[in-house]
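Enquirer: A single structure is presented below for examination.
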Amino acid sequence: MAGVAAAAVLLAVLACLIGGSIIRAGWGLADDADDRDRHRGRLDQACEALDTRLNRLVPPGATGGDPRRRADAVRDENSALRPLLAELEELTGGERDGARRHREWASSWRQLVEARATYADALERQATAGEPAFFVAPRAAGGDTVVEALTRKAPRSCDGAIRRLAQPDL
């Protein structure tokens, strides 16, 4: 009889532990979903703010063909990206899958900014030495261009800014 009572107590304790684990896991999933929604909202706001900043700037293609003015316009647009990159840096902490995706996305943005900065430097050389300048879109690890990777991972609110920033030579 004591063995049956001990087994019943043990089963009750196990049931409570399993039930508590399930509840905690459910809360964890809900917290993760809340984090994803909050991060998505922050990214949408950051992309909309980037679009607003870019719309206040002269696009490189509207500089009349002067390589120095085009280089300045490219650098101005790169500066407009800094707040978005800072927002991404805040979202990349931790080891969650979402943090990893944000790190990859931030890395793609940095690669694009670096390629644009290289292009701006080449434009300066074109202005001083006549050396032709070309924009070369960087490649992502999978073989796609960084722009394709950005577009695939970006919220829709970033699409316009990505398209604009992807072609500083136009």
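Naming works like this for the structure tokens: A, B, ... for the chains as they're shown, residue 1 at the start of each chain, ligands 1 onward in shown order.
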Excluding same-chain residues fewer than 6 positions from range 109-120 of chain A, what lies within 8 Å of it counting only C-alpha atoms, as a list in words?
Expert: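 The contact residues come out as Arg70, Ala71, Asp72, Val74, Arg75, Asn78, Leu85, Ala133, Phe134, Phe135, Val136, Ala137, Pro138, Val146, Val147, Leu150, Ala166 and Pro168 of chain A.
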Enquirer: Take the residues from that selection and put them in a file with C-alpha atoms, as a PDB file, in the first residue's frame.
Expert:
ATOM      1  CA  ARG A  70      28.511  62.343 -57.149  1.00  0.00           C
ATOM      2  CA  ALA A  71      31.075  61.135 -54.572  1.00  0.00           C
ATOM      3  CA  ASP A  72      29.728  63.637 -52.042  1.00  0.00           C
ATOM      4  CA  VAL A  74      27.176  58.815 -52.250  1.00  0.00           C
ATOM      5  CA  ARG A  75      28.884  59.668 -48.950  1.00  0.00           C
ATOM      6  CA  ASN A  78      26.038  56.414 -46.602  1.00  0.00           C
ATOM      7  CA  LEU A  85      23.012  50.360 -38.731  1.00  0.00           C
ATOM      8  CA  ALA A 133      35.068  54.810 -61.617  1.00  0.00           C
ATOM      9  CA  PHE A 134      32.789  51.791 -61.496  1.00  0.00           C
ATOM     10  CA  PHE A 135      30.424  50.588 -58.807  1.00  0.00           C
ATOM     11  CA  VAL A 136      30.794  46.870 -58.104  1.00  0.00           C
ATOM     12  CA  ALA A 137      27.954  45.385 -56.075  1.00  0.00           C
ATOM     13  CA  PRO A 138      29.347  43.087 -53.370  1.00  0.00           C
ATOM     14  CA  VAL A 146      24.317  41.626 -51.264  1.00  0.00           C
ATOM     15  CA  VAL A 147      21.428  43.666 -52.647  1.00  0.00           C
ATOM     16  CA  LEU A 150      19.079  42.502 -48.406  1.00  0.00           C
ATOM     17  CA  ALA A 166      22.019  49.596 -54.726  1.00  0.00           C
ATOM     18  CA  PRO A 168      24.852  54.815 -56.887  1.00  0.00           C
TER      19      PRO A 168
END
Enquirer: Compare A:Leu54, A:Ser107, A:Ala127, A:Gln167 by their minimum atom-to-atom distance to Ala149 in chain A, counting only C-alpha atoms, and give me the closest one.
Expert: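 Once distances to Ala149 in chain A are computed over only C-alpha atoms, the minimum belongs to A:Ser107.
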Enquirer: Can you list, as a ChimeraX atom specification, all residues belonging to range 121-166 of chain A that DSSP tags as helix (DSSP H, G or I)?
Expert: /A:121-129,146-153,156-165
Enquirer: Determine the nearest neighbour of Glu90 in chain A from the options A:Glu131, A:Arg42, A:Arg53, A:Pro67, counting only C-alpha atoms.
Expert: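 Nearest candidate to Glu90 in chain A out of A:Glu131, A:Arg42, A:Arg53, A:Pro67: A:Arg42.
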Enquirer: Produce a table with one row for each residue of range 65-118 of chain A that has an atom at most 10 Å from any atom of range 43-48 of chain A, each row naming the nearest atom pair and its distance in Å at one decimal; use only C-alpha atoms; arrange rows by chain and rising residue number; format as JSON lines.
Expert:
{"residue": "A:Leu81", "atom": "CA", "partner": "A:Cys47", "partner_atom": "CA", "distance": 9.3}
{"residue": "A:Pro83", "atom": "CA", "partner": "A:Ala46", "partner_atom": "CA", "distance": 7.5}
{"residue": "A:Leu84", "atom": "CA", "partner": "A:Ala46", "partner_atom": "CA", "distance": 5.6}
{"residue": "A:Leu85", "atom": "CA", "partner": "A:Ala46", "partner_atom": "CA", "distance": 9.1}
{"residue": "A:Ala86", "atom": "CA", "partner": "A:Ala46", "partner_atom": "CA", "distance": 9.6}
{"residue": "A:Glu87", "atom": "CA", "partner": "A:Ala46", "partner_atom": "CA", "distance": 7.1}
{"residue": "A:Leu88", "atom": "CA", "partner": "A:Leu43", "partner_atom": "CA", "distance": 7.8}
{"residue": "A:Leu91", "atom": "CA", "partner": "A:Leu43", "partner_atom": "CA", "distance": 9.1}
{"residue": "A:His102", "atom": "CA", "partner": "A:Leu43", "partner_atom": "CA", "distance": 9.8}
Enquirer: To one decimal in Å, tell me the separation between CA of Pro155 in chain A and CA of Trp105 in chain A.
Expert: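 So the answer is 10.9 Å.
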Enquirer: Neighbouring residues of Leu57 in chain A were defined as those with any atom within 9 Å, considering only C-alpha atoms; residues of the same chain fewer than 4 positions away were excluded. Please report them as a PyMOL selection string.
Expert: chain A and resi 53+73+76-77+80
Enquirer: Which is closer to Gly61 in chain A than all the others in A:Leu170, A:Asp144, A:Ile162, A:Glu89, using only C-alpha atoms?
Expert: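 Residue with the minimum atom-to-atom distance to Gly61 in chain A: A:Leu170.
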